[in-house]
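**Q** Mind having a look at this structure? Questions to follow.
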Amino acid sequence: MYDIKWIRENAEVFDKGRARRGLAPMSAELFALDDARRSAIAELQKAQERRNAASKEIGAAMKAGDSAKAEALKAEVAQIKDNWPTLEQAERDAIAALDNALSSIPNTPLESVPEGKDENENVEVFRWGTPRTFDFTAKEHFEIGEGLGFMDFETAAKLSGARFVVNKGPLARLERALAQFMLDLHTGEHGYMEVNPPLLVRDDAMFGTAQLPKFREDQFSVTAGRQSSDEQTSEYWLIPTAEVPLTNLVRESILDEAQLPIRMTAGTYCFRAEAGAAGKDTRGMIRQHQFYKVELVSITAPEQSLEEHERMTGCAEKVLQALELPYRKVVLCTGDMGFASQKTYDLEVWLPGQGKYREISSCSVCGDFQARRMNARSRGSDGKPRFVHTLNGSGVAVGRAMVAVLENYQEADGSVTVPAALRPYMGGLTRIARSV
């Protein structure tokens with residue numbers, strides 16, 4: 001979220017950043033909203049000052065025996081009192097109008113981000129690994145899973161509708177093994193602290209990481225039942241990613257900069273309405289309403305964030321390298337990057353069943369964009385508080401990792417070889433085959 005003072009001082013930079021995202025200039029519109037806010041505040045202050053002054057003048061008039069003047073002043077004070085609710089509402093409306101406008105503005109891309117309109121203009125950085133050559137026609141993951149008898153979309157649809165799955169037996173264990181492997185790697189080798197956060201959060205937490213208000217239609221809301229007619233209904237949000245609770249752990253706080261960076265990881269279920277995904281990936285586990293993901297979050301001082309972005313992305317890459325899954329790293333262009341991001345790297349894993357690379361991890365540096373929304377700050381040796389920088393990334397999406405394992409390790413007979421890195425988590429199982 002932006003500071004209107006910064007926009008006033010950097011209007012050209014602000015509008016240029018919007019232009020790079022393909023958006024129209026907005027500084028003039030924001031200045032008008034800010035002027036209206038200032039005017040409303042000034043009007044209320046002016047009324048307050050006049051009411052205080054008139055009240056004192058009433059006493060003086062009465063002391064001087066000027067009853068006519070005293071009555072006129074009383075009438076003036078009464079009129080101010082009658083107008084007070086209107087002035088207060090005007091101030092609230094003007095403040096809300098500016099705040100709503102500011103909260104709907106995406107972050108400004110860094111200069112190193114390539115310009116482009118959509119995903120077709122993302123820039124590949126490098127590729128790792130060589131896609132396997134099959135001597136048979138590679139199948140997609142849902143064909144493999146259903147063929148094994150351990151992946152059930154039909155029953156899931158009866159239970160919950162489209163975009164859900166029931167994994168059973170060794171596939172259920174494979175999903176769990178992937179998550180445990182990733183968490184052990186990130187905590188044991190990469191220095192992240194594991195956190196088990198709530199899956200239900202309030203509006204402020206969703207606002208802090210910029211899921212609200214702009215992306216409300218992509219979220220699942222949950223309303224708590226009333227215990228009695230006197231109790232107020234509470235609304236919560238199912239988290240779309242553990243980024244939300246992890247990042248908000250530092251909201252409304254001032255951290256000691258000597259403690260930064262703070263690195264956290266969590267394996268959680270995530271929930272997305274996929275409101276704009278009609279017709280996309282309708283079969284299989286690529287795009288679901290409920291999925292499991294290992295998330296990485298870092299809280300840093302401003303000077304650390306760009307280096308931390310490279311480090312975080314490297315941690316996600318280590319997962320794919322350990323699983324020996326071919327992937328490519330791309331930097332998202334201005335037209336494809338996320339709302340809160342300054343710069344984003346995507347890792348796209350090779351899926352032989354589809355014959356293309358698909359996103360499995362997205363790592364973003366957000367600067368102080370989220371910190372301003374959360375009022376998360378740090379204090380250094382100079383004693384002055386300043387906003388921290390936040391970063392988040394998938395380390396990685398567990399469901400998509402399972403998709404990649406099934407497709408890359410499939411065999412001609414329909415079985416799947418278990419990657420060596422996962423065998424300790426699979427009880428030594430080396431091969432997943434259909435039960436007889």
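Labels for the structure tokens follow display order: chains A, B, ..., residues from 1 in each chain, ligands from 1.
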Phe164 (chain A): which residues within 8 Å, counting only C-alpha atoms, same-chain residues fewer than 4 positions away excluded, as a PyMOL selection string?

**A** chain A and resi 153+156-157+160+285+288-290

**Q** May I have the residues from that selection written out with N, CA, C and O atoms, as a CSV table (one decimal), in the first residue's frame?

**A**
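File written: result35.csv
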```csv
chain,number,residue,atom,x,y,z
A,153,PHE,N,-11.4,-38.7,-8.6
A,153,PHE,CA,-12.1,-37.4,-8.8
A,153,PHE,C,-13.6,-37.6,-8.8
A,153,PHE,O,-14.3,-36.6,-8.4
A,156,ALA,N,-14.8,-37.5,-5.2
A,156,ALA,CA,-14.6,-36.2,-4.7
A,156,ALA,C,-15.6,-35.2,-5.1
A,156,ALA,O,-16.1,-34.4,-4.4
A,157,ALA,N,-16.1,-35.4,-6.4
A,157,ALA,CA,-17.1,-34.5,-6.9
A,157,ALA,C,-18.4,-34.8,-6.2
A,157,ALA,O,-19.2,-33.8,-6.0
A,160,SER,N,-17.8,-32.9,-2.8
A,160,SER,CA,-17.5,-31.5,-2.7
A,160,SER,C,-17.7,-30.8,-4.0
A,160,SER,O,-17.7,-29.5,-4.0
A,285,MET,N,-5.2,-32.4,-10.9
A,285,MET,CA,-4.8,-31.7,-9.7
A,285,MET,C,-4.1,-30.4,-9.9
A,285,MET,O,-3.6,-29.8,-8.9
A,288,GLN,N,-6.9,-26.6,-8.1
A,288,GLN,CA,-8.0,-27.1,-7.3
A,288,GLN,C,-8.4,-26.1,-6.2
A,288,GLN,O,-7.7,-25.1,-6.0
A,289,HIS,N,-9.6,-26.3,-5.7
A,289,HIS,CA,-10.1,-25.4,-4.6
A,289,HIS,C,-9.4,-25.7,-3.3
A,289,HIS,O,-9.2,-24.7,-2.5
A,290,GLN,N,-8.9,-26.9,-3.1
A,290,GLN,CA,-8.2,-27.2,-1.9
A,290,GLN,C,-6.9,-27.9,-2.3
A,290,GLN,O,-6.9,-28.9,-3.0
```

**Q** Find the residues around region 190-195 of chain A up to 7 Å (only C-alpha atoms counted), leave out those fewer than 3 positions away in its own chain, and share them as a list in words.

**A** Leu185, His186, Thr187, Arg263, Met264, Thr265, Ala266 and Cys315 of chain A

**Q** I'd like the contact shell of Leu351 (chain A) - 12 Å cut-off, only C-alpha atoms, skipping same-chain residues fewer than 6 positions apart - returned as a list of chain:residue names.

**A** A:Thr130, A:Pro131, A:Arg132, A:Ala138, A:Lys139, A:Glu140, A:His141, A:Ile286, A:Leu325, A:Pro326, A:Tyr327, A:Arg328, A:Tyr357, A:Arg358, A:Glu359, A:Ile360, A:Arg400, A:Ala401, A:Met402, A:Val403, A:Ala404, A:Val405, A:Leu406, A:Glu407, A:Asn408, A:Tyr409, A:Gln410

**Q** Suppose we keep N, CA, C and O atoms; can you now write the selection as an mmCIF file, in the first residue's frame?

**A**
```cif
data_model
loop_
_atom_site.group_PDB
_atom_site.id
_atom_site.type_symbol
_atom_site.label_atom_id
_atom_site.label_comp_id
_atom_site.auth_asym_id
_atom_site.auth_seq_id
_atom_site.Cartn_x
_atom_site.Cartn_y
_atom_site.Cartn_z
ATOM 1 N N THR A 130 17.475 -32.430 -17.659
ATOM 2 C CA THR A 130 17.098 -32.817 -19.015
ATOM 3 C C THR A 130 15.840 -33.669 -18.966
ATOM 4 O O THR A 130 15.817 -34.699 -18.277
ATOM 5 N N PRO A 131 14.773 -33.243 -19.648
ATOM 6 C CA PRO A 131 13.544 -34.051 -19.650
ATOM 7 C C PRO A 131 13.825 -35.475 -20.127
ATOM 8 O O PRO A 131 14.594 -35.702 -21.068
ATOM 9 N N ARG A 132 13.201 -36.402 -19.461
ATOM 10 C CA ARG A 132 13.379 -37.821 -19.775
ATOM 11 C C ARG A 132 12.788 -38.152 -21.135
ATOM 12 O O ARG A 132 11.738 -37.630 -21.522
ATOM 13 N N ALA A 138 3.823 -40.871 -22.947
ATOM 14 C CA ALA A 138 3.682 -40.424 -21.554
ATOM 15 C C ALA A 138 2.245 -40.024 -21.263
ATOM 16 O O ALA A 138 1.587 -39.358 -22.070
ATOM 17 N N LYS A 139 1.768 -40.424 -20.096
ATOM 18 C CA LYS A 139 0.400 -40.107 -19.687
ATOM 19 C C LYS A 139 0.399 -38.893 -18.765
ATOM 20 O O LYS A 139 1.415 -38.546 -18.147
ATOM 21 N N GLU A 140 -0.765 -38.252 -18.643
ATOM 22 C CA GLU A 140 -0.941 -37.182 -17.673
ATOM 23 C C GLU A 140 -1.206 -37.785 -16.294
ATOM 24 O O GLU A 140 -1.636 -38.939 -16.174
ATOM 25 N N HIS A 141 -0.984 -36.991 -15.273
ATOM 26 C CA HIS A 141 -1.017 -37.514 -13.907
ATOM 27 C C HIS A 141 -2.347 -38.142 -13.528
ATOM 28 O O HIS A 141 -2.390 -39.136 -12.803
ATOM 29 N N ILE A 286 -3.995 -29.879 -11.089
ATOM 30 C CA ILE A 286 -3.232 -28.653 -11.324
ATOM 31 C C ILE A 286 -3.883 -27.441 -10.680
ATOM 32 O O ILE A 286 -3.227 -26.585 -10.095
ATOM 33 N N LEU A 325 13.696 -33.326 -10.754
ATOM 34 C CA LEU A 325 12.628 -32.915 -11.662
ATOM 35 C C LEU A 325 13.127 -31.765 -12.536
ATOM 36 O O LEU A 325 13.504 -30.708 -12.014
ATOM 37 N N PRO A 326 13.157 -31.919 -13.845
ATOM 38 C CA PRO A 326 13.596 -30.828 -14.721
ATOM 39 C C PRO A 326 12.679 -29.608 -14.560
ATOM 40 O O PRO A 326 11.455 -29.746 -14.458
ATOM 41 N N TYR A 327 13.280 -28.433 -14.554
ATOM 42 C CA TYR A 327 12.483 -27.217 -14.402
ATOM 43 C C TYR A 327 13.171 -26.063 -15.109
ATOM 44 O O TYR A 327 14.334 -26.154 -15.514
ATOM 45 N N ARG A 328 12.449 -24.971 -15.240
ATOM 46 C CA ARG A 328 13.043 -23.741 -15.728
ATOM 47 C C ARG A 328 12.659 -22.602 -14.792
ATOM 48 O O ARG A 328 11.614 -22.639 -14.129
ATOM 49 N N TYR A 357 6.248 -27.014 -19.630
ATOM 50 C CA TYR A 357 6.574 -26.603 -18.272
ATOM 51 C C TYR A 357 5.360 -25.927 -17.638
ATOM 52 O O TYR A 357 4.682 -25.132 -18.281
ATOM 53 N N ARG A 358 5.120 -26.234 -16.338
ATOM 54 C CA ARG A 358 4.011 -25.624 -15.599
ATOM 55 C C ARG A 358 4.521 -25.092 -14.261
ATOM 56 O O ARG A 358 5.383 -25.702 -13.615
ATOM 57 N N GLU A 359 3.942 -23.988 -13.824
ATOM 58 C CA GLU A 359 4.364 -23.356 -12.568
ATOM 59 C C GLU A 359 4.211 -24.310 -11.390
ATOM 60 O O GLU A 359 3.187 -24.965 -11.220
ATOM 61 N N ILE A 360 5.250 -24.350 -10.551
ATOM 62 C CA ILE A 360 5.203 -25.144 -9.324
ATOM 63 C C ILE A 360 5.615 -24.309 -8.108
ATOM 64 O O ILE A 360 5.379 -24.670 -6.977
ATOM 65 N N ARG A 400 1.199 -30.079 -6.939
ATOM 66 C CA ARG A 400 1.843 -30.008 -8.251
ATOM 67 C C ARG A 400 3.149 -30.795 -8.273
ATOM 68 O O ARG A 400 3.553 -31.319 -9.312
ATOM 69 N N ALA A 401 3.829 -30.874 -7.113
ATOM 70 C CA ALA A 401 5.021 -31.710 -7.037
ATOM 71 C C ALA A 401 4.652 -33.175 -7.234
ATOM 72 O O ALA A 401 5.375 -33.929 -7.895
ATOM 73 N N MET A 402 3.514 -33.590 -6.668
ATOM 74 C CA MET A 402 3.077 -34.968 -6.870
ATOM 75 C C MET A 402 2.725 -35.215 -8.331
ATOM 76 O O MET A 402 3.040 -36.266 -8.896
ATOM 77 N N VAL A 403 2.082 -34.234 -8.963
ATOM 78 C CA VAL A 403 1.785 -34.325 -10.393
ATOM 79 C C VAL A 403 3.081 -34.553 -11.173
ATOM 80 O O VAL A 403 3.165 -35.421 -12.052
ATOM 81 N N ALA A 404 4.101 -33.769 -10.835
ATOM 82 C CA ALA A 404 5.375 -33.861 -11.546
ATOM 83 C C ALA A 404 6.064 -35.202 -11.311
ATOM 84 O O ALA A 404 6.648 -35.786 -12.230
ATOM 85 N N VAL A 405 6.003 -35.698 -10.072
ATOM 86 C CA VAL A 405 6.604 -37.005 -9.775
ATOM 87 C C VAL A 405 5.893 -38.103 -10.552
ATOM 88 O O VAL A 405 6.540 -38.966 -11.176
ATOM 89 N N LEU A 406 4.573 -38.095 -10.549
ATOM 90 C CA LEU A 406 3.824 -39.134 -11.268
ATOM 91 C C LEU A 406 4.162 -39.129 -12.751
ATOM 92 O O LEU A 406 4.367 -40.192 -13.361
ATOM 93 N N GLU A 407 4.245 -37.957 -13.350
ATOM 94 C CA GLU A 407 4.472 -37.889 -14.793
ATOM 95 C C GLU A 407 5.923 -38.165 -15.173
ATOM 96 O O GLU A 407 6.197 -38.814 -16.190
ATOM 97 N N ASN A 408 6.858 -37.685 -14.364
ATOM 98 C CA ASN A 408 8.267 -37.865 -14.714
ATOM 99 C C ASN A 408 8.803 -39.240 -14.343
ATOM 100 O O ASN A 408 9.778 -39.705 -14.948
ATOM 101 N N TYR A 409 8.180 -39.887 -13.361
ATOM 102 C CA TYR A 409 8.659 -41.192 -12.907
ATOM 103 C C TYR A 409 7.730 -42.341 -13.319
ATOM 104 O O TYR A 409 7.844 -43.444 -12.808
ATOM 105 N N GLN A 410 6.830 -42.083 -14.247
ATOM 106 C CA GLN A 410 5.923 -43.132 -14.697
ATOM 107 C C GLN A 410 6.664 -44.178 -15.523
ATOM 108 O O GLN A 410 7.659 -43.897 -16.187
#
```

**Q** Based on the backbone DSSP call, show me all residues of region 221-340 of chain A assigned strand (DSSP E), as a compact mmCIF listing (two decimals) with all heavy atoms, in the first residue's frame.

**A**
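Generated output (result02.txt):
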```txt
# COMPACT_ATOMS: atom_id res chain seq x y z
N SER A 221 -15.01 -17.61 2.12
CA SER A 221 -15.34 -17.06 3.43
C SER A 221 -16.10 -18.10 4.24
O SER A 221 -16.79 -18.96 3.69
CB SER A 221 -16.18 -15.79 3.30
OG SER A 221 -17.42 -16.07 2.67
N VAL A 222 -15.97 -18.01 5.56
CA VAL A 222 -16.61 -18.95 6.47
C VAL A 222 -17.31 -18.14 7.55
O VAL A 222 -16.70 -17.25 8.16
CB VAL A 222 -15.58 -19.90 7.12
CG1 VAL A 222 -16.26 -20.84 8.09
CG2 VAL A 222 -14.84 -20.69 6.05
N THR A 223 -18.55 -18.43 7.80
CA THR A 223 -19.31 -17.74 8.83
C THR A 223 -19.54 -18.68 10.01
O THR A 223 -20.07 -19.78 9.85
CB THR A 223 -20.67 -17.26 8.31
OG1 THR A 223 -20.46 -16.40 7.19
CG2 THR A 223 -21.43 -16.49 9.38
N GLU A 235 -17.19 -13.59 10.78
CA GLU A 235 -16.78 -14.05 9.46
C GLU A 235 -15.27 -14.25 9.43
O GLU A 235 -14.52 -13.42 9.94
CB GLU A 235 -17.18 -13.05 8.37
CG GLU A 235 -16.84 -13.55 6.97
CD GLU A 235 -17.28 -12.57 5.89
OE1 GLU A 235 -17.18 -11.36 6.12
OE2 GLU A 235 -17.69 -13.04 4.82
N TYR A 236 -14.86 -15.37 8.86
CA TYR A 236 -13.45 -15.68 8.69
C TYR A 236 -13.19 -15.99 7.22
O TYR A 236 -14.11 -16.17 6.44
CB TYR A 236 -13.06 -16.89 9.55
CG TYR A 236 -13.25 -16.70 11.03
CD1 TYR A 236 -14.44 -17.04 11.64
CD2 TYR A 236 -12.22 -16.19 11.82
CE1 TYR A 236 -14.62 -16.88 13.00
CE2 TYR A 236 -12.39 -16.03 13.18
CZ TYR A 236 -13.59 -16.36 13.78
OH TYR A 236 -13.76 -16.20 15.12
N TRP A 237 -11.90 -16.09 6.91
CA TRP A 237 -11.49 -16.46 5.56
C TRP A 237 -10.58 -17.67 5.63
O TRP A 237 -9.68 -17.74 6.47
CB TRP A 237 -10.72 -15.30 4.91
CG TRP A 237 -11.53 -14.05 4.78
CD1 TRP A 237 -11.60 -13.02 5.67
CD2 TRP A 237 -12.40 -13.71 3.70
NE1 TRP A 237 -12.46 -12.06 5.21
CE2 TRP A 237 -12.96 -12.45 4.00
CE3 TRP A 237 -12.75 -14.33 2.50
CZ2 TRP A 237 -13.86 -11.80 3.16
CZ3 TRP A 237 -13.63 -13.68 1.65
CH2 TRP A 237 -14.18 -12.44 1.97
N LEU A 238 -10.83 -18.66 4.78
CA LEU A 238 -9.91 -19.77 4.63
C LEU A 238 -8.68 -19.25 3.90
O LEU A 238 -8.80 -18.56 2.88
CB LEU A 238 -10.55 -20.90 3.83
CG LEU A 238 -11.64 -21.71 4.54
CD1 LEU A 238 -12.38 -22.59 3.55
CD2 LEU A 238 -11.03 -22.56 5.65
N SER A 253 3.82 -4.41 14.88
CA SER A 253 4.94 -4.61 15.80
C SER A 253 6.16 -3.85 15.30
O SER A 253 6.25 -3.48 14.13
CB SER A 253 5.27 -6.10 15.94
OG SER A 253 5.66 -6.64 14.68
N ILE A 254 7.09 -3.60 16.21
CA ILE A 254 8.37 -3.00 15.87
C ILE A 254 9.45 -4.00 16.25
O ILE A 254 9.65 -4.30 17.43
CB ILE A 254 8.59 -1.66 16.59
CG1 ILE A 254 7.49 -0.66 16.20
CG2 ILE A 254 9.96 -1.09 16.24
CD1 ILE A 254 7.62 0.69 16.89
N LEU A 255 10.13 -4.55 15.26
CA LEU A 255 11.12 -5.59 15.46
C LEU A 255 12.50 -4.99 15.67
O LEU A 255 12.79 -3.89 15.19
CB LEU A 255 11.16 -6.52 14.25
CG LEU A 255 9.82 -7.14 13.82
CD1 LEU A 255 9.97 -7.82 12.48
CD2 LEU A 255 9.33 -8.12 14.87
N ASP A 256 13.34 -5.71 16.35
CA ASP A 256 14.74 -5.34 16.46
C ASP A 256 15.44 -5.79 15.18
O ASP A 256 15.42 -6.98 14.83
CB ASP A 256 15.35 -6.05 17.68
CG ASP A 256 16.82 -5.70 17.88
OD1 ASP A 256 17.41 -5.01 17.01
OD2 ASP A 256 17.39 -6.12 18.91
N ILE A 262 13.98 -12.73 9.46
CA ILE A 262 13.19 -13.80 10.06
C ILE A 262 12.70 -14.68 8.91
O ILE A 262 12.10 -14.18 7.96
CB ILE A 262 12.00 -13.23 10.84
CG1 ILE A 262 12.49 -12.40 12.02
CG2 ILE A 262 11.07 -14.35 11.31
CD1 ILE A 262 11.38 -11.65 12.74
N ARG A 263 12.97 -15.98 9.00
CA ARG A 263 12.58 -16.92 7.94
C ARG A 263 11.65 -17.97 8.54
O ARG A 263 11.99 -18.63 9.51
CB ARG A 263 13.81 -17.58 7.33
CG ARG A 263 14.79 -16.59 6.70
CD ARG A 263 15.96 -17.31 6.05
NE ARG A 263 16.85 -16.35 5.39
CZ ARG A 263 18.10 -16.10 5.76
NH1 ARG A 263 18.63 -16.75 6.80
NH2 ARG A 263 18.83 -15.22 5.10
N MET A 264 10.49 -18.13 7.91
CA MET A 264 9.47 -19.06 8.40
C MET A 264 8.97 -19.95 7.27
O MET A 264 8.92 -19.53 6.11
CB MET A 264 8.30 -18.29 9.00
CG MET A 264 8.65 -17.43 10.21
SD MET A 264 7.28 -16.35 10.73
CE MET A 264 7.40 -15.05 9.49
N THR A 265 8.58 -21.16 7.64
CA THR A 265 7.97 -22.07 6.67
C THR A 265 6.79 -22.78 7.31
O THR A 265 6.75 -22.95 8.54
CB THR A 265 8.99 -23.11 6.15
OG1 THR A 265 8.40 -23.90 5.12
CG2 THR A 265 9.48 -24.04 7.26
N ALA A 266 5.84 -23.16 6.49
CA ALA A 266 4.66 -23.88 6.99
C ALA A 266 4.11 -24.77 5.89
O ALA A 266 4.11 -24.39 4.71
CB ALA A 266 3.57 -22.90 7.45
N GLY A 267 3.67 -25.94 6.27
CA GLY A 267 2.95 -26.81 5.35
C GLY A 267 1.48 -26.77 5.72
O GLY A 267 1.11 -27.18 6.83
N THR A 268 0.64 -26.26 4.84
CA THR A 268 -0.78 -26.10 5.16
C THR A 268 -1.65 -26.43 3.96
O THR A 268 -1.20 -26.37 2.81
CB THR A 268 -1.13 -24.65 5.57
OG1 THR A 268 -0.98 -23.79 4.43
CG2 THR A 268 -0.26 -24.17 6.71
N TYR A 269 -2.89 -26.74 4.25
CA TYR A 269 -3.89 -26.73 3.19
C TYR A 269 -4.19 -25.28 2.82
O TYR A 269 -4.15 -24.39 3.67
CB TYR A 269 -5.16 -27.46 3.63
CG TYR A 269 -5.03 -28.95 3.54
CD1 TYR A 269 -4.86 -29.73 4.70
CD2 TYR A 269 -5.03 -29.60 2.31
CE1 TYR A 269 -4.71 -31.10 4.62
CE2 TYR A 269 -4.88 -30.97 2.22
CZ TYR A 269 -4.71 -31.72 3.38
OH TYR A 269 -4.55 -33.07 3.29
N CYS A 270 -4.47 -25.08 1.56
CA CYS A 270 -4.79 -23.75 1.05
C CYS A 270 -6.10 -23.85 0.27
O CYS A 270 -6.43 -24.91 -0.27
CB CYS A 270 -3.68 -23.25 0.12
SG CYS A 270 -2.03 -23.27 0.86
N PHE A 271 -6.81 -22.73 0.19
CA PHE A 271 -8.15 -22.76 -0.41
C PHE A 271 -8.33 -21.57 -1.34
O PHE A 271 -8.14 -20.42 -0.93
CB PHE A 271 -9.22 -22.73 0.70
CG PHE A 271 -9.05 -23.80 1.73
CD1 PHE A 271 -8.23 -23.60 2.83
CD2 PHE A 271 -9.68 -25.02 1.58
CE1 PHE A 271 -8.05 -24.60 3.78
CE2 PHE A 271 -9.52 -26.02 2.53
CZ PHE A 271 -8.70 -25.82 3.62
N GLN A 290 -8.93 -26.88 -3.07
CA GLN A 290 -8.19 -27.22 -1.85
C GLN A 290 -6.90 -27.93 -2.27
O GLN A 290 -6.93 -28.87 -3.05
CB GLN A 290 -9.01 -28.15 -0.96
CG GLN A 290 -8.25 -28.68 0.26
CD GLN A 290 -9.05 -29.70 1.03
OE1 GLN A 290 -10.17 -29.41 1.48
NE2 GLN A 290 -8.52 -30.90 1.20
N PHE A 291 -5.77 -27.45 -1.75
CA PHE A 291 -4.50 -28.07 -2.09
C PHE A 291 -3.52 -27.84 -0.95
O PHE A 291 -3.72 -26.98 -0.09
CB PHE A 291 -3.94 -27.49 -3.40
CG PHE A 291 -3.78 -25.99 -3.39
CD1 PHE A 291 -2.56 -25.41 -3.10
CD2 PHE A 291 -4.86 -25.16 -3.69
CE1 PHE A 291 -2.41 -24.02 -3.09
CE2 PHE A 291 -4.72 -23.78 -3.68
CZ PHE A 291 -3.50 -23.21 -3.38
N TYR A 292 -2.46 -28.64 -0.95
CA TYR A 292 -1.45 -28.55 0.11
C TYR A 292 -0.21 -27.86 -0.45
O TYR A 292 0.19 -28.10 -1.59
CB TYR A 292 -1.09 -29.95 0.63
CG TYR A 292 -0.56 -29.93 2.04
CD1 TYR A 292 -1.43 -29.93 3.12
CD2 TYR A 292 0.81 -29.90 2.31
CE1 TYR A 292 -0.96 -29.90 4.43
CE2 TYR A 292 1.29 -29.87 3.60
CZ TYR A 292 0.40 -29.87 4.65
OH TYR A 292 0.87 -29.83 5.94
N LYS A 293 0.39 -27.01 0.35
CA LYS A 293 1.56 -26.26 -0.11
C LYS A 293 2.49 -25.99 1.05
O LYS A 293 2.05 -25.72 2.18
CB LYS A 293 1.12 -24.94 -0.76
CG LYS A 293 2.26 -24.12 -1.35
CD LYS A 293 1.76 -23.17 -2.44
CE LYS A 293 0.92 -22.02 -1.92
NZ LYS A 293 1.78 -20.92 -1.42
N VAL A 294 3.78 -26.05 0.77
CA VAL A 294 4.80 -25.62 1.74
C VAL A 294 5.20 -24.20 1.36
O VAL A 294 5.65 -23.95 0.24
CB VAL A 294 6.01 -26.56 1.73
CG1 VAL A 294 7.14 -25.98 2.58
CG2 VAL A 294 5.61 -27.94 2.26
N GLU A 295 5.00 -23.29 2.28
CA GLU A 295 5.23 -21.86 2.03
C GLU A 295 6.51 -21.39 2.72
O GLU A 295 6.87 -21.87 3.80
CB GLU A 295 4.04 -21.04 2.54
CG GLU A 295 4.10 -19.56 2.23
CD GLU A 295 3.80 -19.25 0.76
OE1 GLU A 295 3.45 -20.19 0.01
OE2 GLU A 295 3.92 -18.08 0.38
N LEU A 296 7.17 -20.44 2.08
CA LEU A 296 8.34 -19.78 2.65
C LEU A 296 8.03 -18.29 2.79
O LEU A 296 7.52 -17.67 1.85
CB LEU A 296 9.56 -19.95 1.75
CG LEU A 296 9.97 -21.38 1.38
CD1 LEU A 296 11.11 -21.36 0.37
CD2 LEU A 296 10.34 -22.18 2.61
N VAL A 297 8.34 -17.72 3.94
CA VAL A 297 8.15 -16.28 4.17
C VAL A 297 9.39 -15.72 4.85
O VAL A 297 9.93 -16.34 5.78
CB VAL A 297 6.89 -16.01 5.04
CG1 VAL A 297 6.91 -14.59 5.62
CG2 VAL A 297 5.63 -16.21 4.22
N SER A 298 9.85 -14.57 4.39
CA SER A 298 10.98 -13.89 5.03
C SER A 298 10.59 -12.45 5.36
O SER A 298 9.90 -11.79 4.57
CB SER A 298 12.19 -13.86 4.11
OG SER A 298 12.71 -15.15 3.90
N ILE A 299 11.03 -11.99 6.52
CA ILE A 299 10.87 -10.61 6.95
C ILE A 299 12.28 -10.04 7.06
O ILE A 299 13.11 -10.57 7.82
CB ILE A 299 10.16 -10.49 8.31
CG1 ILE A 299 8.87 -11.35 8.33
CG2 ILE A 299 9.88 -9.04 8.64
CD1 ILE A 299 7.82 -10.94 7.34
N THR A 300 12.58 -8.99 6.29
CA THR A 300 13.95 -8.49 6.25
C THR A 300 14.01 -6.97 6.43
O THR A 300 13.00 -6.28 6.33
CB THR A 300 14.62 -8.82 4.90
OG1 THR A 300 14.12 -7.91 3.89
CG2 THR A 300 14.36 -10.25 4.47
N TYR A 327 13.28 -28.43 -14.55
CA TYR A 327 12.48 -27.22 -14.40
C TYR A 327 13.17 -26.06 -15.11
O TYR A 327 14.33 -26.15 -15.51
CB TYR A 327 12.28 -26.89 -12.92
CG TYR A 327 13.53 -26.43 -12.20
CD1 TYR A 327 13.88 -25.08 -12.12
CD2 TYR A 327 14.38 -27.36 -11.60
CE1 TYR A 327 15.03 -24.67 -11.46
CE2 TYR A 327 15.54 -26.96 -10.95
CZ TYR A 327 15.86 -25.62 -10.88
OH TYR A 327 17.00 -25.22 -10.24
N ARG A 328 12.45 -24.97 -15.24
CA ARG A 328 13.04 -23.74 -15.73
C ARG A 328 12.66 -22.60 -14.79
O ARG A 328 11.61 -22.64 -14.13
CB ARG A 328 12.62 -23.44 -17.16
CG ARG A 328 11.16 -23.07 -17.35
CD ARG A 328 10.90 -22.65 -18.79
NE ARG A 328 9.59 -22.04 -18.94
CZ ARG A 328 9.25 -21.21 -19.92
NH1 ARG A 328 10.14 -20.90 -20.86
NH2 ARG A 328 8.04 -20.68 -19.99
N LYS A 329 13.52 -21.60 -14.74
CA LYS A 329 13.30 -20.42 -13.91
C LYS A 329 13.00 -19.25 -14.82
O LYS A 329 13.73 -19.00 -15.79
CB LYS A 329 14.54 -20.14 -13.06
CG LYS A 329 14.48 -18.87 -12.21
CD LYS A 329 15.79 -18.71 -11.45
CE LYS A 329 15.83 -17.42 -10.64
NZ LYS A 329 17.12 -17.27 -9.91
N VAL A 330 11.90 -18.54 -14.55
CA VAL A 330 11.54 -17.38 -15.36
C VAL A 330 11.29 -16.20 -14.44
O VAL A 330 10.89 -16.35 -13.28
CB VAL A 330 10.28 -17.64 -16.22
CG1 VAL A 330 10.49 -18.81 -17.17
CG2 VAL A 330 9.05 -17.89 -15.34
N VAL A 331 11.55 -15.00 -14.95
CA VAL A 331 11.17 -13.78 -14.24
C VAL A 331 9.91 -13.27 -14.90
O VAL A 331 9.83 -13.17 -16.12
CB VAL A 331 12.31 -12.73 -14.25
CG1 VAL A 331 12.73 -12.36 -15.65
CG2 VAL A 331 11.90 -11.49 -13.46
```

**Q** From region 137-210 of chain A, collect each residue whose DSSP state is helix (DSSP H, G or I) and return the set as a PyMOL selection string.

**A** chain A and resi 141-148+153-160+169-188+203-208

**Q** Could you check which of A:Arg163, A:Arg127, A:Arg20, A:Lys168 is closest to Arg434 (chain A), using only C-alpha atoms?

**A**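 Once distances to Arg434 (chain A) are computed over only C-alpha atoms, the minimum belongs to A:Lys168.
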
**Q** Could you name the residues that touch Ser112 (chain A) at 12 Å or less, counting only C-alpha atoms, but leaving out those on the same chain fewer than 4 positions away, as a short mmCIF file (atom, residue, chain, number, x, y, z; two decimals) with C-alpha atoms, in the first residue's frame?

**A**
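around-v7.cif, freshly written:
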```
data_model
loop_
_atom_site.label_atom_id
_atom_site.label_comp_id
_atom_site.auth_asym_id
_atom_site.auth_seq_id
_atom_site.Cartn_x
_atom_site.Cartn_y
_atom_site.Cartn_z
CA ARG A 20 4.87 -0.37 -16.85
CA THR A 108 5.49 -0.78 -8.47
CA VAL A 123 11.75 -14.08 -19.57
CA LEU A 306 16.80 -8.39 -2.95
CA VAL A 331 11.17 -13.78 -14.24
CA LEU A 332 7.61 -12.58 -14.63
CA CYS A 333 6.99 -9.55 -16.80
CA THR A 334 5.11 -6.49 -15.56
CA GLN A 342 7.93 -5.88 -6.88
CA LYS A 343 9.56 -8.80 -8.68
CA THR A 344 8.66 -12.47 -9.05
CA TYR A 345 10.51 -15.59 -10.14
#
```
